[in-house]
>>> print(open('entry09.cif').read())   # mmCIF, C-alpha atoms
data_target
loop_
_atom_site.group_PDB
_atom_site.id
_atom_site.type_symbol
_atom_site.label_atom_id
_atom_site.label_comp_id
_atom_site.auth_asym_id
_atom_site.auth_seq_id
_atom_site.Cartn_x
_atom_site.Cartn_y
_atom_site.Cartn_z
ATOM 1 C CA MET A 13 55.805 81.745 102.094
ATOM 2 C CA GLY A 14 57.761 83.816 99.575
ATOM 3 C CA ARG A 15 56.199 86.958 101.013
ATOM 4 C CA ALA A 16 57.480 86.098 104.496
ATOM 5 C CA TYR A 17 61.022 85.759 103.165
ATOM 6 C CA ARG A 18 60.801 89.067 101.322
ATOM 7 C CA ILE A 19 59.533 90.749 104.488
ATOM 8 C CA ALA A 20 62.488 89.294 106.406
ATOM 9 C CA LEU A 21 64.922 90.637 103.798
ATOM 10 C CA ILE A 22 63.307 94.078 103.876
ATOM 11 C CA CYS A 23 63.444 94.132 107.684
ATOM 12 C CA GLY A 24 67.168 93.431 107.476
ATOM 13 C CA ALA A 25 68.021 95.730 104.568
ATOM 14 C CA CYS A 26 66.073 98.880 105.503
ATOM 15 C CA PRO A 27 67.724 99.743 108.849
ATOM 16 C CA LEU A 28 71.140 98.914 107.401
ATOM 17 C CA THR A 29 70.590 101.187 104.404
ATOM 18 C CA PHE A 30 69.123 104.048 106.436
ATOM 19 C CA GLY A 31 71.830 103.788 109.095
ATOM 20 C CA VAL A 32 74.688 103.948 106.609
ATOM 21 C CA ALA A 33 73.019 106.792 104.681
ATOM 22 C CA ILE A 34 72.523 108.847 107.862
ATOM 23 C CA PHE A 35 76.130 108.270 108.923
ATOM 24 C CA LEU A 36 77.536 109.311 105.530
ATOM 25 C CA LEU A 37 75.330 112.412 105.468
ATOM 26 C CA TRP A 38 76.485 113.282 108.999
ATOM 27 C CA LEU A 39 80.122 112.949 107.916
ATOM 28 C CA LEU A 40 79.507 115.463 105.137
ATOM 29 C CA THR A 41 77.328 117.966 107.008
ATOM 30 C CA ARG A 42 77.783 117.375 110.777
ATOM 31 C CA TRP A 43 74.128 118.324 111.264
ATOM 32 C CA GLN A 44 73.309 117.567 114.897
ATOM 33 C CA TRP A 45 69.764 116.403 114.183
ATOM 34 C CA LEU A 46 71.251 113.460 112.297
ATOM 35 C CA MET A 47 72.577 112.162 115.636
ATOM 36 C CA THR A 48 69.002 111.971 116.878
ATOM 37 C CA ALA A 49 67.920 110.388 113.608
ATOM 38 C CA GLY A 50 70.662 107.810 114.061
ATOM 39 C CA VAL A 51 69.413 106.894 117.542
ATOM 40 C CA TYR A 52 65.879 106.482 116.220
ATOM 41 C CA THR A 53 67.218 104.365 113.361
ATOM 42 C CA ILE A 54 68.971 102.057 115.828
ATOM 43 C CA CYS A 55 65.789 101.684 117.900
ATOM 44 C CA GLY A 56 63.673 101.170 114.807
ATOM 45 C CA GLY A 57 66.259 98.747 113.463
ATOM 46 C CA LEU A 58 65.979 96.577 116.570
ATOM 47 C CA VAL A 59 62.214 96.386 116.101
ATOM 48 C CA ALA A 60 62.678 95.600 112.403
ATOM 49 C CA ILE A 61 65.172 92.826 113.167
ATOM 50 C CA VAL A 62 62.762 91.210 115.637
ATOM 51 C CA ALA A 63 60.001 91.379 113.019
ATOM 52 C CA GLY A 64 62.401 89.984 110.440
ATOM 53 C CA VAL A 65 63.354 87.047 112.664
ATOM 54 C CA VAL A 66 59.666 86.233 113.148
ATOM 55 C CA ALA A 67 59.069 86.408 109.387
ATOM 56 C CA LEU A 68 62.143 84.262 108.719
ATOM 57 C CA ALA A 69 60.978 81.664 111.266
ATOM 58 C CA PHE A 70 57.578 81.575 109.587
ATOM 59 C CA PHE A 71 59.243 81.131 106.197
ATOM 60 C CA TYR A 72 61.462 78.323 107.481
ATOM 61 C CA GLU A 73 58.541 76.504 109.080
ATOM 62 C CA ALA A 74 56.457 76.695 105.913
ATOM 63 C CA ALA A 75 59.314 75.943 103.503
ATOM 64 C CA SER A 76 60.565 72.934 105.476
ATOM 65 C CA GLN A 77 57.195 71.279 104.882
ATOM 66 C CA THR A 78 57.291 71.944 101.137
ATOM 67 C CA PRO A 79 58.844 69.020 99.218
ATOM 68 C CA THR A 80 59.700 71.148 96.165
ATOM 69 C CA ILE A 81 62.269 73.177 98.138
ATOM 70 C CA SER A 82 65.539 71.354 98.762
ATOM 71 C CA ARG A 83 67.093 71.322 102.200
ATOM 72 C CA ARG A 84 70.273 72.899 100.838
ATOM 73 C CA ARG A 85 68.417 75.764 99.186
ATOM 74 C CA LEU A 86 66.375 76.376 102.331
ATOM 75 C CA CYS A 87 69.449 76.507 104.563
ATOM 76 C CA LEU A 88 71.200 78.850 102.125
ATOM 77 C CA SER A 89 68.224 81.226 102.060
ATOM 78 C CA VAL A 90 68.020 81.285 105.845
ATOM 79 C CA ALA A 91 71.794 81.824 106.138
ATOM 80 C CA VAL A 92 71.694 84.789 103.741
ATOM 81 C CA CYS A 93 68.906 86.469 105.680
ATOM 82 C CA ALA A 94 70.497 85.726 109.063
ATOM 83 C CA SER A 95 73.787 87.208 107.811
ATOM 84 C CA LEU A 96 71.901 90.351 106.817
ATOM 85 C CA PHE A 97 70.482 90.592 110.333
ATOM 86 C CA LEU A 98 73.925 90.120 111.875
ATOM 87 C CA SER A 99 75.509 92.718 109.589
ATOM 88 C CA ASN A 100 73.129 95.321 111.042
ATOM 89 C CA PHE A 101 74.676 94.885 114.483
ATOM 90 C CA LEU A 102 78.243 94.859 113.154
ATOM 91 C CA VAL A 103 77.754 97.975 111.029
ATOM 92 C CA ALA A 104 75.879 99.786 113.825
ATOM 93 C CA GLY A 105 78.713 99.016 116.241
ATOM 94 C CA GLY A 106 81.283 100.278 113.741
ATOM 95 C CA ILE A 107 79.333 103.487 113.121
ATOM 96 C CA ILE A 108 78.935 104.167 116.854
ATOM 97 C CA ALA A 109 82.671 103.636 117.410
ATOM 98 C CA ALA A 110 83.506 105.945 114.483
ATOM 99 C CA VAL A 111 81.168 108.695 115.718
ATOM 100 C CA ILE A 112 82.666 108.552 119.219
ATOM 101 C CA ALA A 113 86.201 108.743 117.804
ATOM 102 C CA ILE A 114 85.319 111.709 115.589
ATOM 103 C CA GLU A 115 83.392 113.603 118.270
ATOM 104 C CA THR A 116 86.151 113.232 120.878
ATOM 105 C CA CYS A 117 88.940 114.298 118.517
ATOM 106 C CA TYR A 118 90.439 117.750 119.137
ATOM 107 C CA THR A 119 91.718 119.650 116.095
ATOM 108 C CA VAL A 120 94.002 122.686 116.108
ATOM 109 C CA VAL A 121 94.634 124.582 112.870
ATOM 110 C CA VAL A 122 97.567 127.015 112.827
ATOM 111 C CA HIS A 123 97.634 129.796 110.202
ATOM 112 C CA ASN A 124 100.790 131.799 109.660
ATOM 113 C CA SER A 125 99.572 135.183 108.444
ATOM 114 C CA SER A 126 102.849 136.873 109.344
ATOM 115 C CA THR A 127 105.680 137.690 106.975
ATOM 116 C CA GLU A 128 108.153 135.419 108.768
ATOM 117 C CA ARG A 129 108.619 131.671 108.838
ATOM 118 C CA LEU A 130 107.465 129.946 112.020
ATOM 119 C CA GLU A 131 109.774 127.291 113.454
ATOM 120 C CA ASP A 132 109.256 124.562 116.053
ATOM 121 C CA VAL A 133 105.495 124.948 116.073
ATOM 122 C CA ARG A 134 103.999 122.892 118.907
ATOM 123 C CA VAL A 135 100.598 122.305 120.439
ATOM 124 C CA PHE A 136 100.821 120.594 123.808
ATOM 125 C CA GLY A 137 98.896 119.937 126.998
ATOM 126 C CA GLY A 138 96.311 117.515 128.287
ATOM 127 C CA GLY A 139 98.768 114.663 127.844
ATOM 128 C CA CYS A 140 99.374 115.514 124.174
ATOM 129 C CA ASP A 141 102.385 117.007 122.429
ATOM 130 C CA GLU A 142 101.954 117.661 118.704
ATOM 131 C CA TRP A 143 104.927 119.011 116.766
ATOM 132 C CA LEU A 144 103.898 120.783 113.565
ATOM 133 C CA GLY A 145 107.392 121.674 112.408
ATOM 134 C CA ALA A 146 107.859 124.810 110.323
ATOM 135 C CA ILE A 147 105.117 126.880 108.707
ATOM 136 C CA PRO A 148 106.061 129.335 105.936
ATOM 137 C CA PRO A 149 104.377 132.748 105.583
ATOM 138 C CA GLY A 150 100.812 132.199 104.422
ATOM 139 C CA GLY A 151 101.008 128.516 105.311
ATOM 140 C CA THR A 152 98.731 126.350 107.423
ATOM 141 C CA ALA A 153 99.292 123.274 109.566
ATOM 142 C CA ARG A 154 96.798 121.040 111.329
ATOM 143 C CA ALA A 155 97.016 118.714 114.316
ATOM 144 C CA SER A 156 94.288 116.274 115.362
ATOM 145 C CA PHE A 157 94.567 114.299 118.585
ATOM 146 C CA TRP A 158 92.665 112.843 121.535
ATOM 147 C CA VAL A 159 93.099 114.603 124.878
ATOM 148 C CA GLN A 160 94.524 112.143 127.415
ATOM 149 C CA HIS A 161 93.631 114.028 130.586
ATOM 150 C CA ASP A 162 92.271 117.374 131.750
ATOM 151 C CA GLY A 163 94.679 120.271 131.449
ATOM 152 C CA VAL A 164 95.674 123.474 129.702
ATOM 153 C CA LEU A 165 96.358 123.302 125.978
ATOM 154 C CA ARG A 166 99.110 125.635 124.772
ATOM 155 C CA PHE A 167 100.558 126.862 121.487
ATOM 156 C CA ARG A 168 104.239 127.600 121.076
ATOM 157 C CA ALA A 169 106.346 128.691 118.093
ATOM 158 C CA ARG A 170 109.220 130.972 117.224
ATOM 159 C CA SER A 171 110.265 133.157 114.345
ATOM 160 C CA ALA A 172 113.452 135.063 113.644
ATOM 161 C CA ALA A 173 112.136 138.032 115.610
ATOM 162 C CA LYS A 174 109.869 136.601 118.285
ATOM 163 C CA THR A 175 108.878 133.606 120.399
ATOM 164 C CA TYR A 176 105.169 132.868 120.701
ATOM 165 C CA SER A 177 103.608 131.163 123.718
ATOM 166 C CA GLU A 178 99.843 131.287 124.077
ATOM 167 C CA THR A 179 97.190 129.422 126.038
ATOM 168 C CA ILE A 180 94.601 127.855 123.758
ATOM 169 C CA GLY A 181 92.275 126.860 126.567
ATOM 170 C CA TYR A 182 91.368 124.233 129.116
ATOM 171 C CA VAL A 183 90.693 120.803 127.631
ATOM 172 C CA THR A 184 88.923 117.797 129.099
ATOM 173 C CA ASN A 185 89.506 114.115 128.482
ATOM 174 C CA GLY A 186 86.868 112.700 126.158
ATOM 175 C CA MET A 187 85.808 116.081 124.795
ATOM 176 C CA GLY A 188 86.610 117.163 121.256
ATOM 177 C CA GLY A 189 86.976 120.633 119.824
ATOM 178 C CA HIS A 190 88.168 122.744 116.922
ATOM 179 C CA THR A 191 90.451 125.735 117.442
ATOM 180 C CA ILE A 192 92.050 128.067 114.913
ATOM 181 C CA VAL A 193 95.301 129.754 115.946
ATOM 182 C CA THR A 194 96.420 132.625 113.715
ATOM 183 C CA VAL A 195 99.784 134.361 113.955
ATOM 184 C CA ASN A 196 99.000 137.799 112.568
ATOM 185 C CA ARG A 197 101.167 140.101 110.475
ATOM 186 C CA GLU A 198 101.749 142.498 113.388
ATOM 187 C CA GLY A 199 103.054 139.685 115.588
ATOM 188 C CA THR A 200 99.935 139.065 117.675
ATOM 189 C CA VAL A 201 98.179 135.725 118.040
ATOM 190 C CA SER A 202 94.426 135.302 117.715
ATOM 191 C CA ILE A 203 92.636 132.174 118.893
ATOM 192 C CA ILE A 204 89.161 131.230 117.715
ATOM 193 C CA HIS A 205 87.222 128.296 119.163
ATOM 194 C CA ARG A 206 84.790 126.905 116.642
ATOM 195 C CA ASP A 207 81.844 124.621 117.155
ATOM 196 C CA SER A 208 82.720 121.120 115.876
ATOM 197 C CA THR A 209 79.580 121.197 113.713
ATOM 198 C CA GLU A 210 80.769 124.211 111.732
#
>>> encode(input="entry09.cif", output="structure tokens")
Amino acid sequence: MGRAYRIALICGACPLTFGVAIFLLWLLTRWQWLMTAGVYTICGGLVAIVAGVVALAFFYEAASQTPTISRRRLCLSVAVCASLFLSNFLVAGGIIAAVIAIETCYTVVVHNSSTERLEDVRVFGGGCDEWLGAIPPGGTARASFWVQHDGVLRFRARSAAKTYSETIGYVTNGMGGHTIVTVNREGTVSIIHRDSTE
């Protein structure tokens, strides 16, 4: 009887622990294979929860026929284990929502490698308009946003000597990205598109 309850607890705790650990490791490393590991963890977690429910039902059936276990204690034990099962679904849903939000976020980093201060720095397009303000020489500014619709993303800024207007690229709703825009010392602009896993 006690073994059945321990099995139920393990079936609830293992997928929760593994799922959270994989998510935290993915946040730190962005290794793509962890996405696959996460999917397998969800599938394995569903199997574990079903096994846990069976073990919990067996425990309840056996414990309810044991006079030494009070009804209150039995109900509390079942409630604790059932809450553990439920928390798996809540945490999994939260992790999935967080991963989607992170993966669909577009980030633009602007480096000012010139000798002049950049004013009115903007990144706009795709239904977004991010104003980065002023960036001093050697400074960096970052904008993160979610593309609202398909379109061309542009960078615009001005200095005392020049106005900059460059096309970053075509962006698509629901797709994230990471772009580095550098205003160079000679007045040119270089644009580098990085993989989001880098």
>>> resolve_selection(input="entry09.cif", expression="the PyMOL selection byres ((chain A and resi 64-66) around 10)", output="list of chain:residue names")
A:Ala16, A:Tyr17, A:Arg18, A:Ile19, A:Ala20, A:Leu21, A:Ile22, A:Cys23, A:Gly24, A:Ala25, A:Leu58, A:Val59, A:Ala60, A:Ile61, A:Val62, A:Ala63, A:Ala67, A:Leu68, A:Ala69, A:Phe70, A:Phe71, A:Tyr72, A:Cys93, A:Ala94, A:Phe97
>>> residues_around(input="entry09.cif", residues="stretch 133-144 of chain A", least_positions_apart="3", cutoff="9 Å", atoms="all atoms listed in the file", output="list of chain:residue names")
A:Val120, A:Val122, A:Leu130, A:Ile147, A:Ala153, A:Arg154, A:Ala155, A:Ser156, A:Phe157, A:Trp158, A:Val159, A:Gln160, A:His161, A:Asp162, A:Gly163, A:Val164, A:Leu165, A:Arg166, A:Phe167, A:Arg168, A:Ala169, A:Arg170, A:Ile180, A:Tyr182, A:Val183, A:Thr184, A:Asn185
>>> resolve_selection(input="entry09.cif", expression="the PyMOL selection byres ((chain A and resi 29-38) around 10)", output="PDB file with C-alpha atoms, keeping the file's coordinate frame")
ATOM      1  CA  GLY A  24      67.168  93.431 107.476  1.00  0.00           C
ATOM      2  CA  ALA A  25      68.021  95.730 104.568  1.00  0.00           C
ATOM      3  CA  CYS A  26      66.073  98.880 105.503  1.00  0.00           C
ATOM      4  CA  PRO A  27      67.724  99.743 108.849  1.00  0.00           C
ATOM      5  CA  LEU A  28      71.140  98.914 107.401  1.00  0.00           C
ATOM      6  CA  LEU A  39      80.122 112.949 107.916  1.00  0.00           C
ATOM      7  CA  LEU A  40      79.507 115.463 105.137  1.00  0.00           C
ATOM      8  CA  THR A  41      77.328 117.966 107.008  1.00  0.00           C
ATOM      9  CA  ARG A  42      77.783 117.375 110.777  1.00  0.00           C
ATOM     10  CA  TRP A  43      74.128 118.324 111.264  1.00  0.00           C
ATOM     11  CA  GLN A  44      73.309 117.567 114.897  1.00  0.00           C
ATOM     12  CA  TRP A  45      69.764 116.403 114.183  1.00  0.00           C
ATOM     13  CA  LEU A  46      71.251 113.460 112.297  1.00  0.00           C
ATOM     14  CA  MET A  47      72.577 112.162 115.636  1.00  0.00           C
ATOM     15  CA  ALA A  49      67.920 110.388 113.608  1.00  0.00           C
ATOM     16  CA  GLY A  50      70.662 107.810 114.061  1.00  0.00           C
ATOM     17  CA  VAL A  51      69.413 106.894 117.542  1.00  0.00           C
ATOM     18  CA  TYR A  52      65.879 106.482 116.220  1.00  0.00           C
ATOM     19  CA  THR A  53      67.218 104.365 113.361  1.00  0.00           C
ATOM     20  CA  ILE A  54      68.971 102.057 115.828  1.00  0.00           C
ATOM     21  CA  GLY A  57      66.259  98.747 113.463  1.00  0.00           C
ATOM     22  CA  ASN A 100      73.129  95.321 111.042  1.00  0.00           C
ATOM     23  CA  VAL A 103      77.754  97.975 111.029  1.00  0.00           C
ATOM     24  CA  ALA A 104      75.879  99.786 113.825  1.00  0.00           C
ATOM     25  CA  ILE A 107      79.333 103.487 113.121  1.00  0.00           C
ATOM     26  CA  ILE A 108      78.935 104.167 116.854  1.00  0.00           C
ATOM     27  CA  ALA A 110      83.506 105.945 114.483  1.00  0.00           C
ATOM     28  CA  VAL A 111      81.168 108.695 115.718  1.00  0.00           C
ATOM     29  CA  THR A 209      79.580 121.197 113.713  1.00  0.00           C
TER      30      THR A 209
END
>>> resolve_selection(input="entry09.cif", expression="the PyMOL selection byres ((chain A and resi 148) around 7)", output="short mmCIF file (atom, residue, chain, number, x, y, z; two decimals) with C-alpha atoms, in the coordinates of the input")
data_model
loop_
_atom_site.label_atom_id
_atom_site.label_comp_id
_atom_site.auth_asym_id
_atom_site.auth_seq_id
_atom_site.Cartn_x
_atom_site.Cartn_y
_atom_site.Cartn_z
CA ASN A 124 100.79 131.80 109.66
CA ARG A 129 108.62 131.67 108.84
CA LEU A 130 107.46 129.95 112.02
CA ALA A 146 107.86 124.81 110.32
CA ILE A 147 105.12 126.88 108.71
CA PRO A 149 104.38 132.75 105.58
CA GLY A 150 100.81 132.20 104.42
CA GLY A 151 101.01 128.52 105.31
#
>>> closest_residue(input="entry09.cif", among="A:Asp132, A:Glu198, A:Gly14, A:Phe101", to="A:Ser89", atoms="all atoms listed in the file")
A:Gly14
>>> atom_distance(input="entry09.cif", atom1="atom CA of A:Thr119", atom2="atom CA of A:Arg206")
10.0 Å
>>> axis_aligned_box(input="entry09.cif", around="stretch 52-68 of chain A", padding_each_side="4 Å", output="JSON")
{"center_x": 64.0, "center_y": 95.4, "center_z": 113.3, "size_x": 17.9, "size_y": 30.2, "size_z": 17.2}
>>> atom_distance(input="entry09.cif", atom1="atom CA of A:Val193", atom2="atom CA of A:Glu128")
15.8 Å
>>> residues_near_point(input="entry09.cif", point="(89.6, 124.2, 118.1)", cutoff="8 Å", atoms="all atoms listed in the file", output="ChimeraX atom specification")
/A:118-121,189-192,204-208
>>> write_last_selection(input="entry09.cif", atoms="C-alpha atoms", output="PDB file, keeping the file's coordinate frame")
ATOM      1  CA  TYR A 118      90.439 117.750 119.137  1.00  0.00           C
ATOM      2  CA  THR A 119      91.718 119.650 116.095  1.00  0.00           C
ATOM      3  CA  VAL A 120      94.002 122.686 116.108  1.00  0.00           C
ATOM      4  CA  VAL A 121      94.634 124.582 112.870  1.00  0.00           C
ATOM      5  CA  GLY A 189      86.976 120.633 119.824  1.00  0.00           C
ATOM      6  CA  HIS A 190      88.168 122.744 116.922  1.00  0.00           C
ATOM      7  CA  THR A 191      90.451 125.735 117.442  1.00  0.00           C
ATOM      8  CA  ILE A 192      92.050 128.067 114.913  1.00  0.00           C
ATOM      9  CA  ILE A 204      89.161 131.230 117.715  1.00  0.00           C
ATOM     10  CA  HIS A 205      87.222 128.296 119.163  1.00  0.00           C
ATOM     11  CA  ARG A 206      84.790 126.905 116.642  1.00  0.00           C
ATOM     12  CA  ASP A 207      81.844 124.621 117.155  1.00  0.00           C
ATOM     13  CA  SER A 208      82.720 121.120 115.876  1.00  0.00           C
TER      14      SER A 208
END
>>> atom_distance(input="entry09.cif", atom1="atom CA of A:Gly181", atom2="atom CA of A:Ile203")
9.3 Å
>>> closest_residue(input="entry09.cif", among="A:Ala113, A:Thr127, A:Ser202, A:Lys174", to="A:Gly186", atoms="only C-alpha atoms")
A:Ala113
>>> decode(input="entry09.cif", residues="stretch 91-118 of chain A", atoms="N, CA and C atoms", output="mmCIF file, in the first residue's frame")
data_model
loop_
_atom_site.group_PDB
_atom_site.id
_atom_site.type_symbol
_atom_site.label_atom_id
_atom_site.label_comp_id
_atom_site.auth_asym_id
_atom_site.auth_seq_id
_atom_site.Cartn_x
_atom_site.Cartn_y
_atom_site.Cartn_z
ATOM 1 N N ALA A 91 -5.125 14.105 -1.892
ATOM 2 C CA ALA A 91 -5.155 15.482 -2.391
ATOM 3 C C ALA A 91 -3.755 15.984 -2.723
ATOM 4 N N VAL A 92 -2.776 15.640 -1.892
ATOM 5 C CA VAL A 92 -1.393 16.059 -2.145
ATOM 6 C C VAL A 92 -0.887 15.466 -3.457
ATOM 7 N N CYS A 93 -1.134 14.182 -3.648
ATOM 8 C CA CYS A 93 -0.663 13.519 -4.859
ATOM 9 C C CYS A 93 -1.402 14.030 -6.098
ATOM 10 N N ALA A 94 -2.709 14.236 -5.973
ATOM 11 C CA ALA A 94 -3.489 14.755 -7.098
ATOM 12 C C ALA A 94 -3.033 16.167 -7.473
ATOM 13 N N SER A 95 -2.688 16.971 -6.466
ATOM 14 C CA SER A 95 -2.182 18.324 -6.731
ATOM 15 C C SER A 95 -0.851 18.272 -7.476
ATOM 16 N N LEU A 96 -0.037 17.280 -7.142
ATOM 17 C CA LEU A 96 1.239 17.101 -7.839
ATOM 18 C C LEU A 96 1.001 16.752 -9.305
ATOM 19 N N PHE A 97 0.017 15.889 -9.547
ATOM 20 C CA PHE A 97 -0.333 15.555 -10.932
ATOM 21 C C PHE A 97 -0.793 16.800 -11.688
ATOM 22 N N LEU A 98 -1.679 17.565 -11.069
ATOM 23 C CA LEU A 98 -2.220 18.761 -11.714
ATOM 24 C C LEU A 98 -1.133 19.793 -11.996
ATOM 25 N N SER A 99 -0.185 19.926 -11.067
ATOM 26 C CA SER A 99 0.881 20.919 -11.246
ATOM 27 C C SER A 99 1.728 20.610 -12.479
ATOM 28 N N ASN A 100 1.823 19.334 -12.853
ATOM 29 C CA ASN A 100 2.553 18.974 -14.070
ATOM 30 C C ASN A 100 1.953 19.643 -15.293
ATOM 31 N N PHE A 101 0.618 19.619 -15.388
ATOM 32 C CA PHE A 101 -0.053 20.220 -16.536
ATOM 33 C C PHE A 101 0.067 21.745 -16.516
ATOM 34 N N LEU A 102 -0.053 22.336 -15.328
ATOM 35 C CA LEU A 102 0.045 23.791 -15.223
ATOM 36 C C LEU A 102 1.447 24.280 -15.574
ATOM 37 N N VAL A 103 2.452 23.606 -15.035
ATOM 38 C CA VAL A 103 3.841 23.998 -15.308
ATOM 39 C C VAL A 103 4.191 23.753 -16.776
ATOM 40 N N ALA A 104 3.745 22.617 -17.328
ATOM 41 C CA ALA A 104 4.018 22.330 -18.742
ATOM 42 C C ALA A 104 3.386 23.387 -19.639
ATOM 43 N N GLY A 105 2.155 23.788 -19.321
ATOM 44 C CA GLY A 105 1.501 24.836 -20.104
ATOM 45 C C GLY A 105 2.240 26.156 -20.017
ATOM 46 N N GLY A 106 2.719 26.497 -18.809
ATOM 47 C CA GLY A 106 3.481 27.729 -18.634
ATOM 48 C C GLY A 106 4.797 27.706 -19.395
ATOM 49 N N ILE A 107 5.479 26.556 -19.375
ATOM 50 C CA ILE A 107 6.751 26.434 -20.088
ATOM 51 C C ILE A 107 6.541 26.547 -21.596
ATOM 52 N N ILE A 108 5.508 25.887 -22.111
ATOM 53 C CA ILE A 108 5.219 25.956 -23.550
ATOM 54 C C ILE A 108 4.929 27.395 -23.969
ATOM 55 N N ALA A 109 4.119 28.096 -23.162
ATOM 56 C CA ALA A 109 3.799 29.496 -23.476
ATOM 57 C C ALA A 109 5.055 30.363 -23.451
ATOM 58 N N ALA A 110 5.937 30.118 -22.469
ATOM 59 C CA ALA A 110 7.173 30.901 -22.364
ATOM 60 C C ALA A 110 8.100 30.641 -23.547
ATOM 61 N N VAL A 111 8.216 29.379 -23.953
ATOM 62 C CA VAL A 111 9.081 29.037 -25.091
ATOM 63 C C VAL A 111 8.571 29.692 -26.373
ATOM 64 N N ILE A 112 7.259 29.654 -26.586
ATOM 65 C CA ILE A 112 6.683 30.284 -27.777
ATOM 66 C C ILE A 112 6.960 31.785 -27.784
ATOM 67 N N ALA A 113 6.770 32.424 -26.613
ATOM 68 C CA ALA A 113 7.009 33.869 -26.521
ATOM 69 C C ALA A 113 8.472 34.211 -26.797
ATOM 70 N N ILE A 114 9.381 33.407 -26.276
ATOM 71 C CA ILE A 114 10.809 33.668 -26.470
ATOM 72 C C ILE A 114 11.222 33.428 -27.921
ATOM 73 N N GLU A 115 10.738 32.339 -28.502
ATOM 74 C CA GLU A 115 11.127 31.970 -29.862
ATOM 75 C C GLU A 115 10.563 32.912 -30.916
ATOM 76 N N THR A 116 9.441 33.556 -30.628
ATOM 77 C CA THR A 116 8.832 34.464 -31.613
ATOM 78 C C THR A 116 9.227 35.922 -31.381
ATOM 79 N N CYS A 117 10.087 36.164 -30.411
ATOM 80 C CA CYS A 117 10.536 37.529 -30.132
ATOM 81 C C CYS A 117 11.689 37.900 -31.076
ATOM 82 N N TYR A 118 11.610 39.095 -31.638
ATOM 83 C CA TYR A 118 12.662 39.594 -32.531
ATOM 84 C C TYR A 118 13.485 40.631 -31.763
#
